[in-house]
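K.L.:
You'll find upload_20.csv just under this line, and it carries CSV, C-alpha atoms.
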```
chain,number,residue,atom,x,y,z
A,189,MET,CA,56.5,114.7,-132.3
A,190,PHE,CA,55.0,118.0,-133.1
A,191,ARG,CA,53.5,120.7,-130.9
A,192,SER,CA,50.9,123.4,-131.6
A,193,GLU,CA,50.5,126.6,-129.5
A,194,ASP,CA,47.6,128.0,-131.5
A,195,GLY,CA,44.9,125.3,-131.5
A,196,GLY,CA,46.4,123.3,-134.3
A,197,ALA,CA,46.7,126.1,-136.9
A,198,THR,CA,50.5,125.6,-137.0
A,199,TRP,CA,52.8,123.0,-135.8
A,200,ILE,CA,56.4,123.0,-134.4
A,201,PRO,CA,58.8,120.0,-134.4
A,202,ASP,CA,59.2,118.8,-130.8
A,203,SER,CA,61.3,115.6,-131.0
A,204,LEU,CA,64.5,116.8,-129.3
A,205,GLY,CA,65.7,114.1,-127.0
A,206,LEU,CA,63.4,111.4,-128.2
A,207,GLY,CA,65.3,108.2,-129.1
A,208,SER,CA,62.7,107.1,-131.6
A,209,SER,CA,60.4,108.7,-134.1
A,210,ARG,CA,57.9,105.8,-133.8
A,211,ILE,CA,55.6,107.1,-131.0
A,212,TRP,CA,52.7,104.9,-129.9
A,213,SER,CA,51.4,106.7,-126.8
A,214,LEU,CA,51.4,110.2,-125.3
A,215,VAL,CA,49.9,111.3,-122.0
A,216,GLN,CA,50.2,114.3,-119.6
A,217,HIS,CA,49.9,114.1,-115.9
A,218,PRO,CA,46.9,116.2,-114.8
A,219,VAL,CA,48.6,117.6,-111.7
A,220,SER,CA,52.4,117.7,-112.4
A,221,GLY,CA,52.0,118.6,-116.1
A,222,VAL,CA,54.8,116.2,-117.1
A,223,LEU,CA,54.4,114.6,-120.5
A,224,TYR,CA,55.2,111.0,-121.1
A,225,ALA,CA,55.8,109.4,-124.5
A,226,GLY,CA,56.0,105.7,-125.3
A,227,THR,CA,57.9,104.5,-128.3
A,228,GLU,CA,58.9,101.6,-130.5
A,229,PRO,CA,61.3,100.0,-129.6
A,230,ALA,CA,59.7,100.0,-126.1
A,231,ASN,CA,61.0,102.9,-124.0
A,232,LEU,CA,59.4,105.9,-122.2
A,233,TYR,CA,60.5,109.5,-122.3
A,234,ARG,CA,59.3,112.5,-120.2
A,235,LYS,CA,59.2,116.2,-120.8
A,236,ARG,CA,58.8,118.5,-117.8
A,237,PRO,CA,56.8,121.7,-117.9
A,238,GLY,CA,59.0,124.5,-119.5
A,239,ALA,CA,61.6,122.0,-120.7
A,240,THR,CA,62.9,122.4,-124.3
A,241,SER,CA,63.7,118.7,-124.8
A,242,TRP,CA,62.6,115.2,-123.8
A,243,GLU,CA,64.6,113.1,-121.4
A,244,PRO,CA,64.7,109.3,-121.3
A,245,CYS,CA,63.3,107.3,-118.4
A,246,SER,CA,65.5,104.4,-117.3
A,247,PRO,CA,65.7,101.9,-120.2
A,248,LEU,CA,63.2,99.1,-120.2
A,249,SER,CA,65.8,96.9,-121.9
A,250,ALA,CA,67.5,96.5,-118.5
A,251,LEU,CA,64.5,94.4,-117.2
A,252,PRO,CA,65.4,90.7,-116.8
A,253,ARG,CA,62.7,89.4,-119.2
A,254,TYR,CA,63.1,92.1,-121.8
A,255,ARG,CA,64.6,89.6,-124.2
A,256,GLU,CA,61.2,87.8,-124.3
A,257,TRP,CA,59.4,90.9,-125.5
A,258,THR,CA,58.5,91.0,-129.1
A,259,SER,CA,56.0,92.3,-131.7
A,260,PRO,CA,54.0,90.7,-134.5
A,261,HIS,CA,55.3,93.1,-137.0
A,262,PRO,CA,58.4,92.4,-139.2
A,263,PRO,CA,61.2,92.9,-139.9
A,264,HIS,CA,62.5,93.6,-136.4
A,265,HIS,CA,59.6,92.5,-134.3
A,266,GLU,CA,60.4,95.2,-131.8
A,267,PRO,CA,58.1,95.7,-128.8
A,268,ARG,CA,56.3,99.1,-128.2
A,269,VAL,CA,54.7,101.1,-125.4
A,270,ARG,CA,51.1,100.7,-126.5
A,271,GLY,CA,49.5,102.6,-123.6
A,272,ILE,CA,50.5,104.6,-120.5
A,273,GLY,CA,48.6,104.9,-117.3
A,274,LEU,CA,49.2,107.7,-114.7
A,275,ASP,CA,48.0,107.9,-111.2
A,276,PRO,CA,46.6,111.5,-110.6
A,277,GLU,CA,47.1,111.1,-106.8
A,278,ARG,CA,50.7,109.9,-107.1
A,279,PRO,CA,52.5,111.8,-109.8
A,280,HIS,CA,55.6,109.6,-109.7
A,281,VAL,CA,53.7,106.3,-110.3
A,282,ILE,CA,53.6,105.2,-114.0
A,283,ALA,CA,52.3,102.1,-115.6
A,284,ALA,CA,52.7,101.1,-119.3
A,285,ALA,CA,51.2,98.4,-121.4
A,286,ILE,CA,53.8,96.7,-123.7
A,287,GLU,CA,52.9,95.1,-127.0
A,288,VAL,CA,54.2,92.5,-126.6
A,289,GLY,CA,55.7,92.3,-123.0
A,290,TRP,CA,53.2,92.4,-120.2
A,291,ILE,CA,53.0,95.6,-118.1
A,292,VAL,CA,55.7,97.7,-116.5
A,293,LEU,CA,55.4,99.8,-113.4
A,294,SER,CA,57.5,102.6,-111.9
A,295,ARG,CA,57.0,104.1,-108.5
A,296,ASP,CA,59.7,106.8,-108.9
A,297,GLY,CA,58.9,108.7,-112.0
A,298,GLY,CA,60.6,106.3,-114.4
A,299,GLU,CA,63.9,105.9,-112.6
A,300,THR,CA,63.3,102.2,-112.0
A,301,TRP,CA,60.9,99.7,-113.5
A,302,GLU,CA,59.4,96.3,-112.6
A,303,ASN,CA,57.8,94.0,-115.2
A,304,LEU,CA,54.4,92.8,-113.9
A,305,THR,CA,54.1,89.3,-115.4
A,306,GLU,CA,52.1,87.4,-112.8
A,307,GLY,CA,48.7,86.8,-114.4
A,308,SER,CA,48.8,89.7,-116.8
A,309,GLU,CA,48.5,89.2,-120.6
A,310,PHE,CA,51.7,89.2,-122.6
A,311,ASP,CA,50.0,91.2,-125.4
A,312,SER,CA,49.0,94.3,-123.4
A,313,HIS,CA,47.1,97.2,-125.0
A,314,SER,CA,46.2,99.7,-122.2
A,315,VAL,CA,46.5,100.1,-118.4
A,316,LEU,CA,44.7,102.4,-116.0
A,317,PHE,CA,44.8,103.2,-112.3
A,318,SER,CA,41.5,103.3,-110.4
A,319,PRO,CA,41.0,106.6,-108.4
A,320,GLY,CA,41.1,106.1,-104.7
A,321,GLN,CA,42.4,102.6,-105.1
A,322,PRO,CA,46.2,102.9,-105.4
A,323,GLU,CA,46.9,99.2,-105.9
A,324,VAL,CA,44.2,98.5,-108.5
A,325,LEU,CA,45.3,98.3,-112.1
A,326,LEU,CA,43.0,97.7,-115.0
A,327,SER,CA,44.3,96.4,-118.4
A,328,THR,CA,43.0,95.5,-121.8
A,329,SER,CA,44.8,93.2,-124.2
A,330,GLY,CA,44.7,91.0,-127.2
A,331,HIS,CA,43.1,88.3,-125.1
A,332,GLY,CA,40.6,90.1,-122.9
A,333,PHE,CA,40.4,92.2,-119.8
A,334,PHE,CA,42.7,91.8,-116.7
A,335,ARG,CA,42.6,93.4,-113.3
A,336,SER,CA,45.0,93.5,-110.4
A,337,ASP,CA,43.8,94.3,-106.9
A,338,ASP,CA,47.2,94.4,-105.3
A,339,GLY,CA,49.3,96.1,-108.0
A,340,VAL,CA,51.3,93.0,-108.7
A,341,HIS,CA,49.1,90.0,-109.5
A,342,PHE,CA,46.5,90.0,-112.3
A,343,ARG,CA,43.4,88.0,-113.0
A,344,SER,CA,41.4,87.6,-116.2
A,345,PHE,CA,37.7,88.7,-116.1
A,346,GLN,CA,35.8,87.8,-119.3
A,347,GLU,CA,32.2,87.3,-118.1
A,348,GLY,CA,29.9,88.8,-120.8
A,349,LEU,CA,32.8,89.4,-123.3
A,350,ASP,CA,32.3,87.2,-126.3
A,351,ARG,CA,35.1,89.0,-128.1
A,352,ASP,CA,38.6,89.5,-126.7
A,353,TYR,CA,40.8,91.8,-128.8
A,354,LEU,CA,40.1,95.0,-126.8
A,355,SER,CA,40.6,98.7,-127.5
A,356,PRO,CA,42.0,101.0,-124.8
A,357,LEU,CA,39.9,101.1,-121.7
A,358,VAL,CA,37.7,104.2,-121.0
A,359,MET,CA,36.7,104.9,-117.4
A,360,HIS,CA,33.6,106.9,-116.4
A,361,PRO,CA,35.0,110.0,-114.7
A,362,ALA,CA,32.2,110.2,-112.1
A,363,ARG,CA,31.8,106.5,-111.5
A,364,PRO,CA,35.2,104.8,-111.8
A,365,LYS,CA,33.8,101.3,-111.6
A,366,THR,CA,32.0,101.9,-114.9
A,367,LEU,CA,34.2,101.0,-117.8
A,368,TYR,CA,33.8,101.0,-121.6
A,369,VAL,CA,35.6,99.1,-124.3
A,370,TYR,CA,35.4,98.1,-127.9
A,371,ALA,CA,36.0,94.4,-128.6
A,372,ALA,CA,36.8,92.6,-131.8
A,373,ARG,CA,36.3,88.9,-132.4
A,374,THR,CA,39.4,88.7,-134.6
A,375,PRO,CA,42.8,90.3,-134.4
A,376,PRO,CA,44.5,92.4,-137.1
A,377,PRO,CA,45.3,91.9,-140.0
A,378,SER,CA,41.9,90.3,-140.6
A,379,TRP,CA,40.3,93.7,-139.9
A,380,PHE,CA,41.5,94.8,-143.4
A,381,ASN,CA,40.1,91.8,-145.1
A,382,PRO,CA,36.5,92.6,-146.3
A,383,GLU,CA,35.6,89.0,-146.2
A,384,VAL,CA,36.5,88.6,-142.5
A,385,GLY,CA,36.6,92.0,-140.7
A,386,ALA,CA,36.9,92.6,-137.0
A,387,ASP,CA,33.3,91.6,-136.1
A,388,GLY,CA,33.4,94.2,-133.3
A,389,ALA,CA,31.0,95.6,-130.8
A,390,PHE,CA,30.8,97.9,-127.8
A,391,TYR,CA,30.8,96.7,-124.1
A,392,ARG,CA,30.2,98.2,-120.7
A,393,SER,CA,31.0,97.1,-117.2
A,394,ASP,CA,29.6,98.6,-114.0
A,395,ASP,CA,31.6,96.5,-111.5
A,396,GLN,CA,35.2,97.4,-112.4
A,397,GLY,CA,35.4,94.8,-115.1
A,398,GLY,CA,34.1,91.9,-113.1
A,399,SER,CA,31.3,91.4,-115.7
A,400,TRP,CA,30.5,92.9,-119.1
A,401,ARG,CA,27.4,93.5,-121.3
A,402,ARG,CA,27.1,94.4,-124.9
A,403,VAL,CA,25.7,97.9,-125.4
A,404,GLY,CA,24.4,100.0,-128.3
A,405,GLN,CA,22.0,99.1,-131.1
A,406,THR,CA,24.7,98.7,-133.8
A,407,PRO,CA,25.3,95.6,-135.9
A,408,PHE,CA,28.7,93.9,-135.5
A,409,LEU,CA,31.2,96.2,-137.1
A,410,GLN,CA,33.8,95.7,-139.8
A,411,GLY,CA,36.6,97.8,-138.3
A,412,GLY,CA,38.8,97.1,-135.4
A,413,SER,CA,40.0,99.7,-132.9
A,414,TRP,CA,43.2,101.0,-131.5
A,415,THR,CA,41.8,104.1,-130.0
A,416,ALA,CA,38.9,105.1,-127.6
A,417,CYS,CA,38.3,108.1,-125.3
A,418,GLY,CA,35.8,109.6,-123.0
A,419,ASP,CA,34.7,113.2,-122.3
A,420,ALA,CA,35.8,114.6,-118.9
A,421,SER,CA,33.0,117.1,-119.0
A,422,ASP,CA,30.3,114.6,-120.0
A,423,PRO,CA,30.5,111.3,-118.1
A,424,GLU,CA,28.1,109.5,-120.4
A,425,THR,CA,30.1,110.1,-123.5
A,426,PHE,CA,32.3,107.3,-125.0
A,427,CYS,CA,34.0,107.6,-128.4
A,428,VAL,CA,35.7,105.0,-130.6
A,429,GLY,CA,37.7,105.3,-133.8
A,430,LEU,CA,37.8,102.3,-136.1
A,431,THR,CA,40.3,101.1,-138.7
A,432,ASP,CA,37.5,101.2,-141.4
A,433,GLY,CA,37.6,105.0,-141.2
A,434,SER,CA,34.6,105.5,-139.0
A,435,VAL,CA,34.1,107.2,-135.6
A,436,TRP,CA,31.3,106.1,-133.2
A,437,LEU,CA,29.9,108.1,-130.3
A,438,THR,CA,27.5,107.5,-127.4
A,439,ARG,CA,26.1,110.3,-125.3
A,440,ASP,CA,24.0,108.1,-123.0
A,441,GLY,CA,26.4,105.7,-121.4
A,442,GLY,CA,26.4,103.2,-124.2
A,443,GLU,CA,22.6,102.7,-124.7
A,444,HIS,CA,22.8,104.1,-128.2
A,445,PHE,CA,25.7,104.7,-130.6
A,446,GLU,CA,25.8,106.8,-133.7
A,447,ARG,CA,28.4,106.9,-136.5
A,448,ILE,CA,29.5,110.5,-136.5
A,449,LEU,CA,32.3,110.3,-139.1
A,450,ASP,CA,33.1,108.0,-142.0
A,451,GLY,CA,35.5,107.7,-144.8
A,452,LEU,CA,38.6,108.9,-142.9
A,453,GLY,CA,40.9,106.1,-143.6
A,454,LEU,CA,42.4,104.2,-140.6
A,455,VAL,CA,41.6,106.1,-137.4
A,456,SER,CA,44.6,105.7,-135.0
A,457,VAL,CA,43.7,108.4,-132.4
A,458,VAL,CA,40.5,110.0,-131.1
A,459,SER,CA,40.4,112.6,-128.3
A,460,ILE,CA,37.8,115.0,-126.9
A,461,PRO,CA,39.4,118.2,-125.7
A,462,THR,CA,38.6,119.6,-122.3
A,463,ARG,CA,36.1,122.4,-122.6
A,464,ARG,CA,37.0,125.8,-121.3
A,465,SER,CA,34.5,128.1,-119.7
```
So, in terms of structure tokens, how does the structure I just supplied come out?

P.N.:
Amino acid sequence: MFRSEDGGATWIPDSLGLGSSRIWSLVQHPVSGVLYAGTEPANLYRKRPGATSWEPCSPLSALPRYREWTSPHPPHHEPRVRGIGLDPERPHVIAAAIEVGWIVLSRDGGETWENLTEGSEFDSHSVLFSPGQPEVLLSTSGHGFFRSDDGVHFRSFQEGLDRDYLSPLVMHPARPKTLYVYAARTPPPSWFNPEVGADGAFYRSDDQGGSWRRVGQTPFLQGGSWTACGDASDPETFCVGLTDGSVWLTRDGGEHFERILDGLGLVSVVSIPTRRS
């Protein structure tokens, strides 16, 4: 972990207290300012505002079904925290998507955890809370989209999705029932085989994931995606980075996409910074 205090011109090591250097997710709570990092092996760490080091949340290895968690990657096949979801209205509520190990939820800032396995996908990629609906959880995975309306039980919603290996979910900041996702027909490692590829496309839902439709005028794309983001100051913007080194952007809610960058190598993170007045 590194930190910059001058807009990225210089960087300072900031890993004190982290139990692993393999960091797969990093989010900051918009109200409390607490940072959460998810690692491989699967654990979460937090850093409070003004703190000089990270502190571990309670270990996920204490969960009863932790021994079932795994990863497709040798040699150790260790699970990882692929995505973290925070509830802006409840700072102590945290959800995390485990690849591979379903979803975990804490209602006390990471002091205790429960493993949400009922109906959720084992290979989870991202998880989000829905504003104003404290019990609704939305999740993407290696096998489609899942939603919980009670915070415990999940159901699969695949109508309109003809591809099921999904990128992180992006929620429209002004209309939280509008969701965006990039979906690949094949999982990695086929993305890196030029004869196969990801065969990916962009999708949108306007009913909180109940149904989906393909958007944009692009052909099916070679790269898969591990990263997507929105723009808090421009609700119609959705950005996706692909493993083929390209970055795609829509500014009109998905009606049209343009390739804004190419030749980057594998893109693992895209982010649009908050604009300051």

K.L.:
Which of these, A:Gly441, A:Pro377, A:Pro356, A:Pro201, has the shortest distance to A:Thr240 once you count all atoms listed in the file?

P.N.:
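That would be A:Pro201, the residue with the smallest distance to A:Thr240.
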
K.L.:
Could you jot down the atom CA of A:Ala230 to atom CA of A:Tyr368 separation for me, Å, one decimal place?

P.N.:
26.3 Å

K.L.:
Counting only C-alpha atoms, what is within 6 Å of A:Ser308, bar same-chain residues fewer than 2 positions away, as JSON, numbers by chain?

P.N.:
{"A": [305, 306, 342]}

K.L.:
List the spatial neighbours of A:Ala372 as an NGL selection string - criterion: any atom at most 6 Å away, only C-alpha atoms, same-chain residues fewer than 5 positions off excluded.

P.N.:
:A and (351 or 353 or 386-388)

K.L.:
Would you be able to write out as a list of chain:residue names which residues have an atom within 7 Å of (50.3, 97.8, -120.0) in the file's coordinates, counting all atoms listed in the file?

P.N.:
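I get A:Gly271, A:Ile272, A:Ala283, A:Ala284, A:Ala285, A:Ile286, A:Trp290, A:Ile291, A:Val292, A:Ser312, A:His313, A:Ser314, A:Val315, A:Ser327 for the residues within 7 Å of that point.
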
K.L.:
Quick one: everything within 12 Å of A:His261, counting all atoms listed in the file, minus sequence neighbours fewer than 4 positions away in the same chain. Send it as a PyMOL selection string.

P.N.:
chain A and resi 228-229+265-268+287-288+376-377

K.L.:
Please provide the set of residues having any atom within 7 Å of A:Ala420, restricted to all atoms listed in the file, with same-chain residues fewer than 3 positions apart removed, written as a list in words.

P.N.:
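These residues fall inside the cut-off: Pro361, Pro423 and Thr462 of chain A.
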
K.L.:
Restricting the calculation to only C-alpha atoms: of A:Arg255, A:Phe334, A:Thr415, A:Ser378, which residue gets closest to A:Ser213?

P.N.:
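Smallest separation from A:Ser213 among the options: A:Thr415.
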
K.L.:
For each of A:Arg278, A:Arg191, A:Arg447, A:Arg335, take the minimum atom-to-atom distance to A:Gly429, counting all atoms listed in the file, then give the residue where this is smallest.

P.N.:
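Closest candidate: A:Arg447.
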